[in-house]
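J.: Sending over my_file03.cif (mmCIF, N, CA and C atoms and all ligand atoms).
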```
data_data
loop_
_atom_site.label_atom_id
_atom_site.label_comp_id
_atom_site.auth_asym_id
_atom_site.auth_seq_id
_atom_site.Cartn_x
_atom_site.Cartn_y
_atom_site.Cartn_z
N MET A 1 0.84 -1.19 0.00
CA MET A 1 0.00 0.00 0.00
C MET A 1 0.88 1.25 0.00
N ILE A 2 0.54 2.19 -0.81
CA ILE A 2 1.30 3.44 -0.87
C ILE A 2 0.51 4.52 -0.14
N ARG A 3 1.19 5.17 0.79
CA ARG A 3 0.55 6.26 1.50
C ARG A 3 1.02 7.59 0.92
N LEU A 4 0.10 8.41 0.48
CA LEU A 4 0.47 9.71 -0.06
C LEU A 4 0.76 10.66 1.07
N VAL A 5 1.84 11.40 0.94
CA VAL A 5 2.22 12.35 1.98
C VAL A 5 2.21 13.76 1.38
N PRO A 6 2.07 14.77 2.23
CA PRO A 6 2.08 16.14 1.71
C PRO A 6 3.42 16.48 1.07
N ASN A 7 3.40 17.40 0.14
CA ASN A 7 4.62 17.87 -0.52
C ASN A 7 5.32 18.88 0.40
N HIS A 8 6.52 18.54 0.85
CA HIS A 8 7.26 19.42 1.75
C HIS A 8 8.38 20.17 1.04
N ALA A 9 8.34 20.24 -0.29
CA ALA A 9 9.42 20.87 -1.05
C ALA A 9 9.66 22.31 -0.63
N ASP A 10 8.61 23.01 -0.24
CA ASP A 10 8.78 24.42 0.13
C ASP A 10 9.50 24.57 1.47
N ARG A 11 9.70 23.50 2.20
CA ARG A 11 10.40 23.57 3.49
C ARG A 11 11.89 23.31 3.37
N ILE A 12 12.33 22.94 2.16
CA ILE A 12 13.75 22.66 1.98
C ILE A 12 14.52 23.97 2.05
N ARG A 13 15.49 24.01 2.94
CA ARG A 13 16.34 25.20 3.06
C ARG A 13 17.59 24.96 2.22
N ARG A 14 17.81 25.79 1.24
CA ARG A 14 18.94 25.61 0.35
C ARG A 14 20.03 26.62 0.69
N THR A 15 21.24 26.29 0.29
CA THR A 15 22.37 27.21 0.46
C THR A 15 22.28 28.30 -0.59
N ALA A 16 23.23 29.20 -0.59
CA ALA A 16 23.21 30.33 -1.52
C ALA A 16 23.21 29.86 -2.97
N GLU A 17 22.41 30.56 -3.78
CA GLU A 17 22.35 30.20 -5.20
C GLU A 17 23.56 30.80 -5.92
N VAL A 18 24.17 29.98 -6.75
CA VAL A 18 25.32 30.41 -7.55
C VAL A 18 25.04 30.00 -8.99
N THR A 19 25.90 30.40 -9.89
CA THR A 19 25.77 29.95 -11.28
C THR A 19 27.03 29.20 -11.69
N PHE A 20 26.83 28.25 -12.60
CA PHE A 20 27.94 27.52 -13.20
C PHE A 20 27.62 27.35 -14.67
N HIS A 21 28.54 26.81 -15.44
CA HIS A 21 28.38 26.75 -16.89
C HIS A 21 28.44 25.31 -17.38
N PHE A 22 27.47 24.96 -18.19
CA PHE A 22 27.45 23.62 -18.79
C PHE A 22 27.39 23.79 -20.30
N ASP A 23 28.43 23.40 -20.99
CA ASP A 23 28.52 23.54 -22.45
C ASP A 23 28.10 24.93 -22.91
N GLY A 24 28.57 25.94 -22.21
CA GLY A 24 28.33 27.31 -22.62
C GLY A 24 27.02 27.91 -22.12
N THR A 25 26.20 27.12 -21.46
CA THR A 25 24.94 27.63 -20.91
C THR A 25 25.12 27.89 -19.41
N THR A 26 24.67 29.04 -18.96
CA THR A 26 24.77 29.36 -17.54
C THR A 26 23.57 28.75 -16.81
N LEU A 27 23.84 28.01 -15.77
CA LEU A 27 22.79 27.33 -15.01
C LEU A 27 22.88 27.70 -13.54
N PRO A 28 21.75 27.65 -12.84
CA PRO A 28 21.79 27.92 -11.40
C PRO A 28 22.09 26.64 -10.61
N GLY A 29 22.66 26.83 -9.47
CA GLY A 29 22.90 25.71 -8.57
C GLY A 29 22.99 26.27 -7.16
N CYS A 30 22.96 25.41 -6.19
CA CYS A 30 23.12 25.86 -4.82
C CYS A 30 24.50 25.44 -4.35
N GLU A 31 25.21 26.36 -3.78
CA GLU A 31 26.58 26.09 -3.39
C GLU A 31 26.64 24.85 -2.50
N GLY A 32 27.49 23.93 -2.85
CA GLY A 32 27.68 22.73 -2.06
C GLY A 32 26.83 21.55 -2.46
N GLU A 33 25.81 21.74 -3.29
CA GLU A 33 25.02 20.58 -3.71
C GLU A 33 25.82 19.82 -4.77
N THR A 34 25.46 18.59 -5.00
CA THR A 34 26.21 17.84 -6.00
C THR A 34 25.89 18.39 -7.38
N LEU A 35 26.87 18.29 -8.24
CA LEU A 35 26.70 18.79 -9.61
C LEU A 35 25.57 18.05 -10.31
N ILE A 36 25.46 16.77 -10.09
CA ILE A 36 24.40 16.02 -10.77
C ILE A 36 23.02 16.49 -10.32
N ALA A 37 22.88 16.86 -9.06
CA ALA A 37 21.59 17.36 -8.57
C ALA A 37 21.24 18.68 -9.24
N ALA A 38 22.22 19.56 -9.36
CA ALA A 38 21.98 20.86 -10.00
C ALA A 38 21.64 20.67 -11.48
N LEU A 39 22.36 19.77 -12.14
CA LEU A 39 22.09 19.53 -13.57
C LEU A 39 20.70 18.94 -13.76
N MET A 40 20.33 18.00 -12.92
CA MET A 40 19.01 17.39 -13.06
C MET A 40 17.90 18.41 -12.80
N ARG A 41 18.10 19.27 -11.80
CA ARG A 41 17.08 20.32 -11.55
C ARG A 41 16.95 21.26 -12.72
N ALA A 42 18.05 21.45 -13.46
CA ALA A 42 18.03 22.33 -14.63
C ALA A 42 17.53 21.59 -15.89
N GLY A 43 17.24 20.31 -15.73
CA GLY A 43 16.72 19.55 -16.87
C GLY A 43 17.79 18.94 -17.75
N VAL A 44 19.03 18.97 -17.30
CA VAL A 44 20.14 18.38 -18.08
C VAL A 44 20.33 16.93 -17.62
N LEU A 45 19.96 15.99 -18.46
CA LEU A 45 20.08 14.58 -18.12
C LEU A 45 21.14 13.88 -18.98
N HIS A 46 21.42 14.43 -20.15
CA HIS A 46 22.40 13.84 -21.08
C HIS A 46 23.78 14.40 -20.74
N LEU A 47 24.62 13.55 -20.12
CA LEU A 47 25.92 14.01 -19.64
C LEU A 47 27.10 13.55 -20.48
N ARG A 48 26.92 12.47 -21.20
CA ARG A 48 28.01 11.97 -22.05
C ARG A 48 27.41 11.05 -23.10
N ASN A 49 28.25 10.65 -24.04
CA ASN A 49 27.82 9.68 -25.04
C ASN A 49 28.56 8.38 -24.81
N ALA A 50 27.87 7.27 -24.95
CA ALA A 50 28.50 5.97 -24.77
C ALA A 50 29.59 5.79 -25.83
N PRO A 51 30.75 5.28 -25.44
CA PRO A 51 31.86 5.18 -26.39
C PRO A 51 31.61 4.18 -27.53
N HIS A 52 30.83 3.15 -27.31
CA HIS A 52 30.67 2.12 -28.34
C HIS A 52 29.61 2.45 -29.37
N ASP A 53 28.53 3.14 -28.98
CA ASP A 53 27.48 3.42 -29.97
C ASP A 53 27.01 4.88 -29.94
N GLY A 54 27.59 5.69 -29.09
CA GLY A 54 27.22 7.10 -29.06
C GLY A 54 25.89 7.40 -28.40
N ALA A 55 25.30 6.40 -27.76
CA ALA A 55 24.00 6.61 -27.10
C ALA A 55 24.14 7.59 -25.94
N PRO A 56 23.13 8.43 -25.73
CA PRO A 56 23.21 9.38 -24.62
C PRO A 56 23.18 8.66 -23.28
N ARG A 57 24.02 9.11 -22.37
CA ARG A 57 24.09 8.52 -21.05
C ARG A 57 23.95 9.61 -20.00
N GLY A 58 23.47 9.22 -18.83
CA GLY A 58 23.30 10.17 -17.74
C GLY A 58 23.44 9.46 -16.42
N GLY A 59 23.28 10.19 -15.35
CA GLY A 59 23.44 9.63 -14.02
C GLY A 59 22.49 8.48 -13.75
N PHE A 60 22.94 7.52 -12.96
CA PHE A 60 22.10 6.37 -12.62
C PHE A 60 22.06 6.17 -11.11
N CYS A 61 23.21 6.02 -10.48
CA CYS A 61 23.23 5.69 -9.05
C CYS A 61 23.29 6.94 -8.17
N ALA A 62 23.89 8.00 -8.67
CA ALA A 62 24.07 9.27 -7.93
C ALA A 62 24.88 9.09 -6.65
N MET A 63 25.73 8.06 -6.61
CA MET A 63 26.57 7.89 -5.43
C MET A 63 27.96 7.35 -5.78
N GLY A 64 28.40 7.60 -7.00
CA GLY A 64 29.77 7.29 -7.35
C GLY A 64 30.06 5.85 -7.69
N LEU A 65 29.08 5.06 -8.01
CA LEU A 65 29.33 3.66 -8.31
C LEU A 65 29.27 3.31 -9.79
N CYS A 66 28.37 3.89 -10.54
CA CYS A 66 28.12 3.41 -11.90
C CYS A 66 28.99 4.05 -12.98
N GLN A 67 29.56 5.19 -12.72
CA GLN A 67 30.41 5.91 -13.68
C GLN A 67 29.63 6.44 -14.88
N GLU A 68 28.33 6.47 -14.81
CA GLU A 68 27.51 6.92 -15.95
C GLU A 68 27.46 8.45 -16.05
N CYS A 69 27.87 9.15 -15.04
CA CYS A 69 27.69 10.60 -15.01
C CYS A 69 28.99 11.36 -15.29
N MET A 70 29.93 10.72 -15.98
CA MET A 70 31.21 11.36 -16.23
C MET A 70 31.04 12.63 -17.06
N VAL A 71 31.66 13.69 -16.61
CA VAL A 71 31.67 14.98 -17.31
C VAL A 71 33.08 15.57 -17.17
N ARG A 72 33.32 16.61 -17.92
CA ARG A 72 34.60 17.31 -17.79
C ARG A 72 34.36 18.56 -16.96
N VAL A 73 35.04 18.68 -15.85
CA VAL A 73 34.90 19.84 -14.96
C VAL A 73 36.25 20.52 -14.85
N ASP A 74 36.29 21.75 -15.31
CA ASP A 74 37.53 22.52 -15.28
C ASP A 74 38.70 21.71 -15.85
N GLY A 75 38.41 20.98 -16.94
CA GLY A 75 39.45 20.24 -17.64
C GLY A 75 39.70 18.83 -17.15
N GLN A 76 39.08 18.43 -16.05
CA GLN A 76 39.29 17.09 -15.49
C GLN A 76 38.04 16.24 -15.71
N VAL A 77 38.21 14.97 -16.06
CA VAL A 77 37.08 14.06 -16.19
C VAL A 77 36.73 13.54 -14.79
N VAL A 78 35.50 13.81 -14.38
CA VAL A 78 35.06 13.45 -13.03
C VAL A 78 33.62 12.95 -13.07
N GLU A 79 33.18 12.37 -11.97
CA GLU A 79 31.79 11.94 -11.84
C GLU A 79 30.99 13.13 -11.30
N ALA A 80 29.92 13.48 -11.99
CA ALA A 80 29.12 14.64 -11.60
C ALA A 80 28.48 14.46 -10.23
N CYS A 81 28.32 13.23 -9.80
CA CYS A 81 27.69 13.01 -8.48
C CYS A 81 28.70 13.11 -7.34
N ARG A 82 29.98 13.29 -7.68
CA ARG A 82 31.00 13.38 -6.63
C ARG A 82 31.67 14.74 -6.61
N VAL A 83 31.08 15.69 -7.33
CA VAL A 83 31.60 17.05 -7.37
C VAL A 83 30.53 17.97 -6.83
N THR A 84 30.92 18.96 -6.07
CA THR A 84 29.95 19.93 -5.58
C THR A 84 30.01 21.20 -6.41
N VAL A 85 28.89 21.86 -6.48
CA VAL A 85 28.76 23.08 -7.27
C VAL A 85 29.49 24.22 -6.55
N THR A 86 30.28 24.93 -7.33
CA THR A 86 30.93 26.15 -6.85
C THR A 86 30.70 27.22 -7.90
N PRO A 87 30.77 28.48 -7.53
CA PRO A 87 30.51 29.55 -8.49
C PRO A 87 31.47 29.49 -9.67
N GLY A 88 30.91 29.60 -10.87
CA GLY A 88 31.71 29.68 -12.08
C GLY A 88 32.29 28.36 -12.58
N LEU A 89 31.89 27.25 -12.00
CA LEU A 89 32.38 25.94 -12.43
C LEU A 89 32.15 25.78 -13.93
N GLN A 90 33.16 25.28 -14.65
CA GLN A 90 33.04 25.06 -16.10
C GLN A 90 32.86 23.57 -16.32
N VAL A 91 31.69 23.19 -16.82
CA VAL A 91 31.35 21.78 -17.00
C VAL A 91 31.06 21.54 -18.47
N ALA A 92 31.56 20.40 -18.99
CA ALA A 92 31.30 20.07 -20.38
C ALA A 92 30.88 18.61 -20.50
N ARG A 93 30.02 18.35 -21.45
CA ARG A 93 29.58 16.98 -21.75
C ARG A 93 30.75 16.24 -22.38
N LEU A 94 30.89 14.96 -22.06
CA LEU A 94 31.93 14.14 -22.68
C LEU A 94 31.44 13.55 -23.96
S1 LIG B 1 25.56 8.62 -11.18
FE1 LIG B 1 26.62 6.76 -10.83
S2 LIG B 1 28.67 7.38 -10.54
FE2 LIG B 1 27.58 9.23 -10.72
#
```
Could you quickly redo this structure as structure tokens?

T.:
Amino acid sequence: MIRLVPNHADRIRRTAEVTFHFDGTTLPGCEGETLIAALMRAGVLHLRNAPHDGAPRGGFCAMGLCQECMVRVDGQVVEACRVTVTPGLQVARL
């Protein structure tokens, strides 16, 4: 049985809003949240292309296990779920 609960989204206290860049687009994020969370809130789900067939790939586990969320951050290839948002972060799709 599923019990429906009230939506408490308006009670979430977020840190200061900052901006970062994804493939040349400026996006909002909250300082200290994971990059994958900020990207997903902005509607960015396609983070890289699969090497064997070019299929779009995006985050799956959001805890550093699957390697599906690899992006380039300030020139380094990293997992978007293991990086926190900071002002002016330069992020690119792989
Ligand atoms: S979403 Fe699985 S490692 Fe980042």

J.: List the neighbours of range 32-48 of chain A out to 6.5 Å using all atoms listed in the file; skip same-chain residues closer than 6 positions along the sequence, and give me the result as a list in words.

T.: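 Those residues are Ala55, Pro56, Arg57, Gly58, Gly59, Cys69, Met70, Val71, Ala80, Cys81, Arg82, Val83, Thr84, Val85, Thr86, Ala92, Arg93 and Leu94 of chain A.
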
J.: Give me, please, the distance in Å between CA of Pro28 in chain A and CA of Arg11 in chain A, quoted to one decimal.

T.: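 One can read the CA of Pro28 in chain A to CA of Arg11 in chain A distance as 19.2 Å.
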
J.: Run DSSP on the backbone and tell me which residues of range 32-90 of chain A come out as strand (DSSP E or B); list them as a list in words.

T.: Thr34, Arg48, Asn49, Pro56, Arg57, Met70, Val71, Arg72, Val73, Gln76, Val77, Val78, Glu79, Thr84 and Gln90 of chain A

J.: Padding of 8 Å on every side, edges along x, y and z, all listed atoms of ligand LIG 1 (chain B) included: what centre and edge lengths in Å, to one decimal, does that box have, as JSON?

T.:
```
{"center_x": 27.1, "center_y": 8.0, "center_z": -10.9, "size_x": 19.1, "size_y": 18.5, "size_z": 16.6}
```

J.: Ligand LIG 1 (chain B): which residues are within 6 Å, counting only C-alpha atoms and all ligand atoms? Reply as a list in words.

T.: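 So, counting only C-alpha atoms and all ligand atoms, the residues near ligand LIG 1 (chain B) are Gly59, Phe60, Cys61, Ala62, Met63, Gly64, Leu65, Cys66, Gln67, Glu68, Cys69, Glu79, Ala80 and Cys81 of chain A.
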
J.: Select, from A:Val73, A:Cys30, A:Val78, A:Ala50, the residue with the minimum atom-to-atom distance to Arg14 in chain A, counting all atoms listed in the file.

T.: A:Cys30

J.: Rounded to one decimal, what separation in Å do you get between CA of Asp74 in chain A and atom C of Val91 in chain A?

T.: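 If I compute the distance from CA of Asp74 in chain A to atom C of Val91 in chain A, I get 7.3 Å.
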
J.: What's the separation between atom C of Thr26 in chain A and CA of Gly75 in chain A, in Å to one decimal place?

T.: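 That distance, rounded to one decimal, is 18.0 Å.
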
J.: Report as a list in words: the residues of chain A with a DSSP assignment of helix (DSSP H, G or I), based on the backbone of this structure.

T.: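 After running DSSP on the backbone, chain A has helix (DSSP H, G or I) at Ala9, Asp10, Arg11, Leu35, Ile36, Ala37, Ala38, Leu39, Met40, Arg41, Ala80, Cys81 and Arg82 of chain A.
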
J.: Env of Pro87 in chain A: 7 Å cut, atoms = only C-alpha atoms, seq-sep filter 5 positions within chain, self excluded. Answer as an NGL selection string.

T.: :A and (18-20)

J.: Which one of A:Gln76, A:Asp10, A:Gln90, A:Val5 sits closest to Thr25 in chain A if you count only C-alpha atoms?

T.: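 Smallest distance to Thr25 in chain A is found for A:Gln90.
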